[in-house]
$ cat entry_0.txt   # compact mmCIF, C-alpha atoms
# COMPACT_ATOMS: atom_id res chain seq x y z
CA MET V 306 0.00 0.00 0.00
CA ASN V 307 1.26 3.46 -0.83
CA GLN V 308 0.53 6.49 -2.94
CA ILE V 309 -2.32 8.12 -0.95
CA LEU V 310 -2.62 11.33 -2.87
CA ASP V 311 -1.69 14.66 -1.29
CA ARG V 312 -4.64 16.89 -2.11
CA SER V 313 -6.48 19.63 -0.25
CA LEU V 314 -8.59 18.49 2.69
CA VAL V 315 -11.77 19.77 1.01
CA SER V 316 -11.20 17.82 -2.21
CA ARG V 317 -10.32 14.68 -0.25
CA HIS V 318 -13.49 14.94 1.83
CA THR V 319 -15.57 15.49 -1.30
CA GLU V 320 -14.06 12.44 -3.01
CA VAL V 321 -14.79 10.16 -0.06
CA SER V 322 -18.33 11.49 0.32
CA GLU V 323 -19.01 10.85 -3.38
CA MET V 324 -17.77 7.29 -3.04
CA TYR V 325 -20.39 6.65 -0.38
CA ASP V 326 -23.10 8.13 -2.62
CA GLN V 327 -22.27 5.98 -5.65
CA LYS V 328 -24.73 3.23 -6.49
CA GLN V 329 -23.31 -0.29 -6.54
CA GLN V 330 -23.42 -1.36 -10.19
CA GLU V 331 -22.29 -4.92 -10.75
CA PRO V 332 -20.70 -5.31 -14.20
CA VAL V 333 -21.77 -8.24 -16.36
CA LEU V 334 -18.49 -9.71 -17.55
CA MET V 335 -17.22 -12.83 -19.31
CA GLN V 336 -20.66 -13.82 -20.59
CA GLY V 337 -20.81 -15.60 -23.93
CA PHE V 338 -18.61 -18.03 -25.86
CA PRO V 339 -16.45 -16.04 -26.19
CA ALA V 340 -17.51 -12.92 -24.33
CA GLU V 341 -18.08 -9.78 -26.35
CA PRO V 342 -15.04 -7.44 -26.37
CA GLU V 343 -16.62 -4.96 -23.97
CA LYS V 344 -17.31 -7.79 -21.49
CA ARG V 345 -14.05 -9.65 -21.96
CA VAL V 346 -11.45 -9.81 -19.17
CA THR V 347 -7.88 -10.34 -20.40
CA TRP V 348 -4.31 -10.22 -19.13
CA ALA V 349 -4.12 -6.63 -20.40
CA ASN V 350 -7.18 -5.29 -18.53
CA TRP V 351 -7.81 -7.55 -15.49
CA MET V 352 -6.44 -4.96 -13.04
CA SER V 353 -8.48 -2.08 -14.49
CA PRO V 354 -12.12 -1.22 -13.69
CA PRO V 355 -14.63 -2.63 -14.31
CA PHE V 356 -12.75 -5.76 -15.41
CA ASN V 357 -11.03 -6.17 -12.03
CA ARG V 358 -14.41 -7.03 -10.49
CA TRP V 359 -14.10 -10.41 -12.26
CA GLY V 360 -10.33 -10.57 -12.69
CA PHE V 361 -9.45 -10.41 -9.00
CA ARG V 362 -11.25 -13.67 -8.27
CA ASN V 363 -10.34 -15.48 -11.47
CA LEU V 364 -6.64 -14.77 -11.95
CA ALA V 365 -5.84 -18.46 -12.46
CA ARG V 366 -7.81 -18.33 -15.72
CA LEU V 367 -5.54 -15.60 -17.04
CA ARG V 368 -2.01 -16.19 -15.74
CA PRO V 369 0.35 -19.09 -14.88
CA THR V 370 0.11 -20.09 -11.22
CA ILE V 371 1.87 -22.16 -8.53
CA ASP V 372 -0.41 -24.17 -6.25
CA VAL V 373 -0.30 -24.13 -2.46
CA ALA V 374 -2.12 -27.39 -1.76
CA ALA V 375 -4.65 -27.63 1.05
CA GLY V 376 -3.68 -31.27 1.57
CA ALA V 377 -5.73 -34.36 2.31
CA ARG V 378 -7.01 -33.22 5.69
CA PRO V 379 -10.76 -32.48 5.70
CA SER V 380 -11.50 -28.78 6.02
CA SER V 381 -12.18 -27.56 9.52
CA VAL V 382 -15.72 -26.50 10.30
CA LEU V 383 -16.02 -22.89 11.42
CA ALA V 384 -18.79 -22.49 13.97
CA HIS V 385 -21.26 -19.67 13.41
CA ALA V 386 -22.52 -17.19 16.01
CA PRO V 387 -23.98 -14.29 14.00
CA VAL V 388 -23.73 -10.76 15.38
CA GLU V 389 -25.36 -7.65 13.93
CA LEU V 390 -22.46 -5.56 12.63
CA GLU V 391 -23.72 -3.89 9.45
CA SER V 392 -25.43 -1.02 11.30
CA LEU V 393 -22.39 -0.13 13.43
CA SER V 394 -21.34 3.42 12.62
CA PHE V 395 -18.19 5.51 12.72
CA LYS V 396 -17.04 8.96 11.68
CA SER V 397 -15.77 9.00 8.11
CA THR V 398 -12.76 11.04 7.06
CA CYS V 399 -15.21 13.13 5.01
CA GLY V 400 -17.08 14.16 8.19
CA ARG V 401 -20.14 11.99 7.69
CA THR V 402 -21.29 9.25 10.00
CA VAL V 403 -21.38 6.02 7.98
CA SER V 404 -22.21 2.41 8.76
CA VAL V 405 -20.14 -0.72 8.27
CA LEU V 406 -22.42 -1.71 5.39
CA ASP V 407 -21.99 1.74 3.82
CA ASN V 408 -18.24 1.21 3.89
CA LEU V 409 -18.42 -2.32 2.51
CA ARG V 410 -20.47 -1.14 -0.45
CA ALA V 411 -18.47 2.02 -1.13
CA SER V 412 -15.15 0.15 -0.97
CA LYS V 413 -16.31 -2.40 -3.57
CA THR V 414 -16.10 -5.33 -1.19
CA ASP V 415 -16.23 -8.81 -2.72
CA GLY V 416 -16.07 -10.77 0.53
CA PHE V 417 -16.06 -9.81 4.22
CA LEU V 418 -15.47 -12.19 7.12
CA VAL V 419 -15.37 -11.48 10.85
CA LEU V 420 -14.33 -14.15 13.33
CA HIS V 421 -14.59 -13.74 17.11
CA LYS V 422 -13.22 -16.33 19.48
CA GLY V 423 -12.91 -18.74 16.57
CA ARG V 424 -16.53 -18.40 15.43
CA VAL V 425 -17.94 -16.70 12.35
CA VAL V 426 -19.94 -13.71 13.51
CA TYR V 427 -20.31 -12.16 10.05
CA GLU V 428 -19.75 -13.46 6.52
CA ASN V 429 -21.04 -11.89 3.35
CA TYR V 430 -20.25 -11.90 -0.37
CA PHE V 431 -20.88 -9.25 -3.00
CA ASN V 432 -20.44 -8.81 -6.77
CA GLY V 433 -21.22 -12.46 -7.47
CA GLN V 434 -18.35 -13.79 -5.39
CA VAL V 435 -19.01 -17.09 -3.60
CA ALA V 436 -17.26 -18.84 -0.71
CA SER V 437 -15.19 -21.07 -3.00
CA ASP V 438 -13.74 -18.20 -5.05
CA ARG V 439 -10.02 -17.54 -4.62
CA HIS V 440 -9.35 -13.81 -4.58
CA ILE V 441 -6.02 -12.10 -5.11
CA MET V 442 -4.68 -10.60 -1.88
CA PHE V 443 -2.00 -8.38 -3.43
CA SER V 444 0.32 -7.08 -0.68
CA VAL V 445 -1.23 -9.23 2.03
CA THR V 446 1.12 -11.70 0.37
CA LYS V 447 4.06 -9.79 1.86
CA SER V 448 2.85 -10.49 5.37
CA LEU V 449 2.60 -14.23 4.74
CA ILE V 450 6.20 -14.13 3.52
CA GLY V 451 7.12 -12.21 6.66
CA VAL V 452 5.75 -14.96 8.89
CA LEU V 453 7.61 -17.65 6.97
CA GLY V 454 10.81 -15.64 7.11
CA GLU V 455 10.58 -15.04 10.86
CA GLN V 456 10.11 -18.79 11.28
CA LEU V 457 13.36 -19.37 9.36
CA ILE V 458 15.12 -16.95 11.73
CA HIS V 459 13.64 -18.75 14.73
CA ASP V 460 14.86 -22.07 13.32
CA GLY V 461 18.39 -20.74 12.83
CA VAL V 462 18.21 -21.09 9.05
CA LEU V 463 18.33 -17.36 8.32
CA ASP V 464 20.63 -14.79 9.94
CA PRO V 465 18.85 -11.43 10.27
CA GLY V 466 22.15 -9.59 10.63
CA ALA V 467 23.72 -11.00 7.48
CA GLN V 468 23.96 -8.94 4.32
CA THR V 469 21.68 -9.90 1.45
CA GLN V 470 24.61 -10.63 -0.88
CA ARG V 471 25.75 -13.42 1.43
CA TYR V 472 22.72 -15.43 0.37
CA VAL V 473 22.23 -14.02 -3.15
CA PRO V 474 25.60 -13.01 -4.64
CA GLU V 475 23.80 -11.88 -7.79
CA LEU V 476 22.59 -8.84 -5.81
CA ALA V 477 26.08 -7.56 -4.98
CA GLY V 478 26.36 -4.03 -6.32
CA SER V 479 22.60 -3.55 -6.45
CA ALA V 480 20.56 -1.53 -3.96
CA PHE V 481 20.07 -4.64 -1.87
CA GLY V 482 23.51 -6.23 -1.75
CA ASP V 483 24.76 -4.54 1.44
CA ALA V 484 21.35 -4.35 3.15
CA THR V 485 20.84 -6.73 6.05
CA VAL V 486 18.13 -9.36 6.08
CA ARG V 487 16.43 -7.49 8.95
CA GLN V 488 16.35 -4.34 6.85
CA LEU V 489 14.58 -6.30 4.12
CA PHE V 490 11.99 -7.52 6.63
CA ASP V 491 11.24 -4.03 7.92
CA MET V 492 11.29 -2.06 4.63
CA ALA V 493 14.41 -0.17 5.72
CA VAL V 494 16.36 -0.42 2.45
CA GLY V 495 17.51 2.82 0.82
CA VAL V 496 16.61 1.82 -2.72
CA HIS V 497 15.80 4.19 -5.56
CA TYR V 498 12.21 3.11 -6.19
CA SER V 499 8.86 4.84 -6.61
CA GLU V 500 5.70 2.92 -5.74
CA ILE V 501 3.50 4.86 -8.18
CA TYR V 502 1.08 2.52 -9.84
CA ASP V 503 -0.33 4.73 -12.60
CA ASP V 504 3.04 5.83 -14.03
CA PRO V 505 4.12 3.30 -16.71
CA SER V 506 7.77 4.31 -16.26
CA SER V 507 7.89 4.02 -12.46
CA GLU V 508 9.91 1.31 -10.76
CA SER V 509 6.72 -0.29 -9.46
CA SER V 510 5.36 -0.50 -13.01
CA GLN V 511 8.64 -2.05 -14.15
CA TYR V 512 8.16 -4.55 -11.34
CA GLY V 513 4.66 -5.30 -12.65
CA TYR V 514 6.00 -5.99 -16.13
CA ALA V 515 8.83 -8.20 -14.86
CA CYS V 516 6.60 -10.34 -12.67
CA GLY V 517 3.86 -10.64 -15.28
CA PHE V 518 1.04 -8.61 -13.73
CA LYS V 519 0.55 -6.86 -17.04
CA PRO V 520 2.08 -6.97 -20.51
CA ALA V 521 4.84 -4.43 -20.99
CA LEU V 522 4.64 -1.78 -23.64
CA PRO V 523 7.53 -2.24 -26.10
CA GLU V 524 9.46 0.72 -24.70
CA TYR V 525 9.34 -0.81 -21.19
CA ALA V 526 9.97 -4.46 -22.04
CA GLN V 527 13.43 -4.64 -20.48
CA TYR V 528 13.31 -7.65 -18.14
CA GLU V 529 12.15 -11.22 -18.70
CA SER V 530 11.78 -12.05 -15.00
CA LEU V 531 12.03 -10.75 -11.47
CA TYR V 532 15.44 -12.43 -11.30
CA GLN V 533 16.64 -9.98 -13.97
CA TYR V 534 14.80 -6.96 -12.63
CA LEU V 535 15.79 -7.03 -8.95
CA PRO V 536 19.59 -6.80 -9.50
CA SER V 537 19.01 -3.72 -11.69
CA LEU V 538 17.73 -1.53 -8.82
CA ARG V 539 20.17 0.99 -7.39
CA LYS V 540 20.88 2.42 -3.97
CA ARG V 541 19.48 5.84 -3.05
CA CYS V 542 20.74 6.28 0.52
CA GLU V 543 22.13 4.38 3.46
CA HIS V 544 20.01 1.57 4.81
CA GLY V 545 18.36 1.49 8.23
CA GLY V 546 16.62 4.10 10.38
CA LEU V 547 13.97 4.63 7.71
CA PHE V 548 10.74 3.20 6.31
CA HIS V 549 10.55 2.91 2.53
CA TYR V 550 7.70 0.73 1.30
CA VAL V 551 8.92 -1.16 -1.78
CA THR V 552 7.30 -4.31 -3.16
CA ALA V 553 10.58 -5.32 -4.79
CA THR V 554 12.15 -5.49 -1.32
CA THR V 555 9.78 -8.32 -0.42
CA GLU V 556 10.76 -10.15 -3.60
CA VAL V 557 14.40 -9.89 -2.54
CA LEU V 558 13.49 -11.17 0.93
CA ALA V 559 11.75 -14.18 -0.63
CA TRP V 560 14.79 -14.86 -2.83
CA VAL V 561 17.04 -14.76 0.25
CA MET V 562 14.69 -17.09 2.15
CA GLU V 563 14.65 -19.59 -0.70
CA ARG V 564 18.44 -19.58 -1.00
CA ALA V 565 18.92 -19.94 2.77
CA SER V 566 16.42 -22.77 3.16
CA GLY V 567 16.63 -24.47 -0.23
CA VAL V 568 12.82 -24.46 -0.30
CA ALA V 569 10.59 -22.30 -2.51
CA CYS V 570 8.28 -19.91 -0.69
CA ALA V 571 5.20 -21.61 -2.13
CA GLU V 572 6.38 -24.90 -0.62
CA GLN V 573 7.15 -23.23 2.69
CA LEU V 574 3.65 -21.79 2.83
CA GLN V 575 2.14 -25.10 1.75
CA GLY V 576 3.62 -26.71 4.87
CA VAL V 577 1.52 -24.28 6.90
CA TRP V 578 -1.54 -24.26 4.63
CA GLN V 579 -1.96 -28.03 4.91
CA GLN V 580 -2.33 -27.77 8.68
CA LEU V 581 -5.01 -25.08 8.75
CA GLY V 582 -7.97 -27.18 7.63
CA CYS V 583 -8.36 -25.12 4.46
CA GLU V 584 -11.24 -25.66 2.05
CA ARG V 585 -9.28 -25.11 -1.17
CA ASP V 586 -5.79 -25.03 -2.56
CA ALA V 587 -4.43 -21.51 -2.70
CA TYR V 588 -2.01 -20.29 -5.35
CA PHE V 589 0.66 -17.76 -6.22
CA MET V 590 0.81 -16.07 -9.58
CA ALA V 591 4.03 -17.17 -11.28
CA ASP V 592 6.48 -14.79 -12.92
CA PRO V 593 7.65 -15.58 -16.50
CA TRP V 594 10.43 -17.83 -15.16
CA GLY V 595 8.07 -19.78 -12.92
CA ARG V 596 8.91 -17.95 -9.67
CA SER V 597 6.23 -17.18 -7.07
CA VAL V 598 5.32 -13.50 -7.04
CA ALA V 599 5.99 -13.10 -3.33
CA GLY V 600 5.30 -9.39 -3.05
CA ALA V 601 1.71 -9.37 -4.31
CA GLY V 602 0.65 -12.61 -6.03
CA PHE V 603 -1.15 -14.81 -3.46
CA ASN V 604 -4.77 -15.92 -3.99
CA ALA V 605 -7.07 -17.72 -1.53
CA THR V 606 -10.66 -18.02 -0.38
CA LEU V 607 -12.05 -15.64 2.20
CA ARG V 608 -12.47 -18.34 4.84
CA ASP V 609 -9.03 -19.84 4.29
CA MET V 610 -7.45 -16.43 4.81
CA GLY V 611 -9.51 -16.31 8.00
CA ARG V 612 -8.07 -19.67 9.05
CA PHE V 613 -4.55 -18.29 8.62
CA GLY V 614 -5.51 -15.33 10.80
CA LEU V 615 -7.00 -17.63 13.45
CA MET V 616 -3.73 -19.55 13.58
CA LEU V 617 -1.82 -16.33 14.22
CA GLY V 618 -4.31 -15.15 16.82
CA ASN V 619 -4.04 -18.49 18.60
CA GLY V 620 -0.30 -18.16 19.11
CA GLY V 621 0.53 -20.27 16.06
CA LYS V 622 -1.56 -23.27 17.07
CA VAL V 623 -4.25 -25.16 15.15
CA ASP V 624 -6.21 -27.79 17.07
CA GLY V 625 -3.50 -27.85 19.72
CA ARG V 626 -0.71 -28.40 17.18
CA GLN V 627 2.04 -25.77 16.91
CA VAL V 628 2.17 -24.71 13.25
CA ILE V 629 4.16 -21.49 13.63
CA ASP V 630 6.24 -20.94 16.75
CA LYS V 631 4.64 -18.55 19.22
CA ALA V 632 7.91 -16.63 19.46
CA VAL V 633 7.64 -15.83 15.75
CA ILE V 634 4.26 -14.15 16.20
CA GLU V 635 5.45 -12.34 19.31
CA ALA V 636 8.46 -11.01 17.40
CA ILE V 637 6.15 -9.52 14.77
CA ALA V 638 3.56 -8.21 17.23
CA LYS V 639 6.07 -6.24 19.29
CA GLY V 640 6.36 -3.87 16.33
CA SER V 641 9.13 -1.36 15.80
CA ASP V 642 9.66 2.37 16.23
CA PRO V 643 6.38 4.23 15.46
CA ALA V 644 8.33 7.46 15.02
CA ILE V 645 10.15 6.09 11.96
CA TYR V 646 6.85 5.00 10.43
CA GLY V 647 4.97 8.12 11.52
CA VAL V 648 7.01 10.60 9.49
CA HIS V 649 5.32 9.26 6.36
CA LYS V 650 2.05 11.16 6.29
CA ASP V 651 0.38 8.93 3.69
CA PHE V 652 0.92 5.88 5.90
CA SER V 653 0.40 7.47 9.32
CA GLU V 654 -2.95 8.98 8.31
CA TRP V 655 -4.09 5.60 7.04
CA THR V 656 -2.89 3.64 10.09
CA PRO V 657 -2.46 6.08 13.00
CA GLY V 658 -0.42 4.76 15.88
CA ALA V 659 1.11 1.92 13.86
CA SER V 660 4.64 0.77 13.19
CA TYR V 661 6.00 -1.66 10.59
CA ARG V 662 7.68 -4.95 11.42
CA SER V 663 8.40 -8.07 9.40
CA GLN V 664 6.07 -7.06 6.54
CA TRP V 665 3.16 -6.32 8.93
CA TYR V 666 1.50 -3.13 10.13
CA VAL V 667 1.53 -3.37 13.92
CA PHE V 668 -0.81 -1.53 16.31
CA ASN V 669 0.21 -1.25 19.94
CA ASP V 670 -1.68 1.94 20.76
CA HIS V 671 -4.77 0.15 22.11
CA SER V 672 -5.29 -3.60 21.98
CA PRO V 673 -2.27 -5.30 20.30
CA ALA V 674 -3.09 -6.03 16.67
CA ILE V 675 -1.39 -6.74 13.36
CA MET V 676 -2.67 -5.97 9.88
CA ALA V 677 -1.77 -7.09 6.39
CA ALA V 678 -3.05 -4.91 3.56
CA GLY V 679 -3.02 -4.86 -0.22
CA ILE V 680 -3.97 -2.47 -2.98
CA HIS V 681 -7.56 -2.28 -4.21
CA GLY V 682 -8.83 -3.04 -0.67
CA GLN V 683 -7.42 -6.37 0.61
CA TYR V 684 -7.06 -6.83 4.39
CA LEU V 685 -6.22 -9.39 7.05
CA PHE V 686 -6.58 -7.97 10.57
CA VAL V 687 -5.80 -9.85 13.78
CA ASP V 688 -6.53 -8.37 17.22
CA PHE V 689 -4.94 -10.62 19.84
CA ASP V 690 -6.62 -9.59 23.11
CA SER V 691 -10.06 -9.33 21.54
CA GLU V 692 -9.66 -12.62 19.63
CA VAL V 693 -10.94 -10.94 16.48
CA VAL V 694 -9.86 -11.85 12.94
CA ILE V 695 -11.20 -9.90 9.94
CA VAL V 696 -10.66 -10.56 6.24
CA LYS V 697 -11.72 -8.16 3.50
CA GLN V 698 -11.42 -8.89 -0.22
CA SER V 699 -12.28 -6.05 -2.58
CA SER V 700 -12.00 -4.71 -6.10
CA LEU V 701 -11.73 -0.96 -5.73
CA PRO V 702 -11.20 0.72 -9.10
CA ASP V 703 -8.02 2.47 -7.93
CA ALA V 704 -5.03 0.89 -6.20
CA VAL V 705 -5.12 3.33 -3.30
CA THR V 706 -7.90 5.76 -2.34
CA GLU V 707 -8.82 8.06 0.51
CA LEU V 708 -11.47 5.49 1.43
CA ASP V 709 -8.68 3.24 2.74
CA ILE V 710 -8.46 5.44 5.84
CA ASP V 711 -12.14 4.78 6.53
CA THR V 712 -11.71 1.05 6.04
CA VAL V 713 -9.09 0.83 8.78
CA GLN V 714 -11.42 2.81 11.04
CA MET V 715 -14.19 0.36 10.17
CA LEU V 716 -12.04 -2.65 11.08
CA ARG V 717 -11.20 -1.14 14.44
CA THR V 718 -14.83 -0.11 15.05
CA VAL V 719 -15.95 -3.72 14.53
CA THR V 720 -13.19 -4.96 16.80
CA ALA V 721 -14.04 -2.50 19.58
CA HIS V 722 -17.70 -3.54 19.40
CA LEU V 723 -16.87 -7.23 19.75
CA ARG V 724 -14.39 -6.49 22.52
CA GLY V 725 -17.32 -5.04 24.49

$ encode --input "entry_0.txt" --output "structure tokens"
Amino acid sequence: MNQILDRSLVSRHTEVSEMYDQKQQEPVLMQGFPAEPEKRVTWANWMSPPFNRWGFRNLARLRPTIDVAAGARPSSVLAHAPVELESLSFKSTCGRTVSVLDNLRASKTDGFLVLHKGRVVYENYFNGQVASDRHIMFSVTKSLIGVLGEQLIHDGVLDPGAQTQRYVPELAGSAFGDATVRQLFDMAVGVHYSEIYDDPSSESSQYGYACGFKPALPEYAQYESLYQYLPSLRKRCEHGGLFHYVTATTEVLAWVMERASGVACAEQLQGVWQQLGCERDAYFMADPWGRSVAGAGFNATLRDMGRFGLMLGNGGKVDGRQVIDKAVIEAIAKGSDPAIYGVHKDFSEWTPGASYRSQWYVFNDHSPAIMAAGIHGQYLFVDFDSEVVIVKQSSLPDAVTELDIDTVQMLRTVTAHLRG
């Protein structure tokens, strides 16, 4: 997540208010054999509105993928204990009082799940999505990688103080070569990189071409794979003592983890996924060389993402079995220096009181909580003391909007209500 636009307060308030007033119009896409051009979702348009409303839950029909198998274990049954949440209200950034349902509709929600004490208290689907659909989670993927990486540190496989080039010599001389593994985890690498999604020449757009999110225009078709792109990035400043959100940094972290462990990230996650009682296989989008897109390419059902969150909230246990070491989760949940994070206005307005640790947004201002978030409105929120897990899958037309600030307020409003 990045790129919240710096506009006047009046224009920002007007934009958010208009988003709440918009009528929910569900596009009719991919109908016909084949679909008519105006209804056809393709590799070229799947991330653009209105085509993303179908594309975000059907990526496997458009791009190569790498499975994360659910395994042979029968899926766990999530008990239901419904609670009225839709009418809960909070103060929007535009000054209006809005309800949870208002926010879900305005933020183009596809699926919304709230778990409290291990039970489903709210579950709803929009835009034709159903429980079995696997939705792209974009940068929530980073946080899954962060958990796996912290487990490697806990197991003594990965040295957080080592320089990146120790594990991946190919990165020597790049922006990442002399950065430590810990600096990769915490987005503290001084790399020259702009996370601007609508600029075709930005580094983040180059990343998108290299990993296969979208076809590159001829003038930007420089790299065949992430393995070629990542070594090309250059250093901007000294590492450490800063927060610089860069999706490519997560890709480097995944590369380091794979070299250190000898196991691909998809396989590492599969070892966890098979113990959660998941309903479906999940999958990563694959880059053109068959590498998992670890910074933004994970896809899963709403409930299975909830099961991952339940495991974290339960100290890494599932049915009494330790899946992720408790110390790993505690290391993430302690957070880092909020002052370093807070100097970035676009982030601090979105997540006030937070810090960033191990690819997670960490709240320690009230009840301890961690949050994973992705562009176009993807969220996994875990509040430890309140035993609340929330998953939101969405298809907002823009990667980042002012409405994201409201969504975080909504998540915390729901949590406070269930906390009692």

$ closest_residue --input "entry_0.txt" --among "V:Gly423, V:Gly360, V:Gly679, V:Pro523" --to "Thr347 (chain V)" --atoms "all atoms listed in the file"
V:Gly360

$ residues_around --input "entry_0.txt" --residues "region 511-513 of chain V" --least-positions-apart "3" --cutoff "9 Å" --atoms "only C-alpha atoms" --output "number ranges by chain"
V: 505-508, 516-521, 525-528, 531, 534-535, 552-553

$ residues_near_point --input "entry_0.txt" --point "(-16.5, -1.7, 18.6)" --cutoff "12 Å" --atoms "all atoms listed in the file" --output "PyMOL selection string"
chain V and resi 389-395+405+672+691+693+714-725

$ atom_distance --input "entry_0.txt" --atom1 "CA of Glu455 (chain V)" --atom2 "CA of Ala632 (chain V)"
9.1 Å

$ atom_distance --input "entry_0.txt" --atom1 "CA of Leu538 (chain V)" --atom2 "CA of Ala480 (chain V)"
5.6 Å

$ closest_residue --input "entry_0.txt" --among "V:Phe431, V:Phe361, V:Tyr472, V:Trp665" --to "Met492 (chain V)" --atoms "all atoms listed in the file"
V:Trp665

$ closest_residue --input "entry_0.txt" --among "V:Gly545, V:Pro536, V:Gly461, V:Gly454" --to "Ala484 (chain V)" --atoms "all atoms listed in the file"
V:Gly545

$ closest_residue --input "entry_0.txt" --among "V:Ala515, V:Ala704, V:Ala493, V:Val623" --to "Asp642 (chain V)" --atoms "only C-alpha atoms"
V:Ala493

$ residues_around --input "entry_0.txt" --residues "Thr656 (chain V)" --least-positions-apart "2" --cutoff "9 Å" --atoms "only C-alpha atoms" --output "PyMOL selection string"
chain V and resi 651-654+658-660+666+668+710+713-714

$ closest_residue --input "entry_0.txt" --among "V:Thr606, V:Asn350, V:Thr414, V:Gln579" --to "Val435 (chain V)" --atoms "all atoms listed in the file"
V:Thr606

$ residues_around --input "entry_0.txt" --residues "Val696 (chain V)" --least-positions-apart "3" --cutoff "6 Å" --atoms "only C-alpha atoms" --output "MDAnalysis selection string"
chainID V and resid 417:418 684:685

$ residues_near_point --input "entry_0.txt" --point "(-5.4, -8.0, 7.8)" --cutoff "8 Å" --atoms "only C-alpha atoms" --output "number ranges by chain"
V: 445, 614, 675-678, 683-687, 694-697

$ closest_residue --input "entry_0.txt" --among "V:Leu453, V:Ala386, V:Leu476, V:Ala365" --to "Ile634 (chain V)" --atoms "only C-alpha atoms"
V:Leu453

$ residues_around --input "entry_0.txt" --residues "Gly625 (chain V)" --least-positions-apart "3" --cutoff "12 Å" --atoms "only C-alpha atoms" --output "ChimeraX atom specification"
/V:580-581,616,619-622,628-629
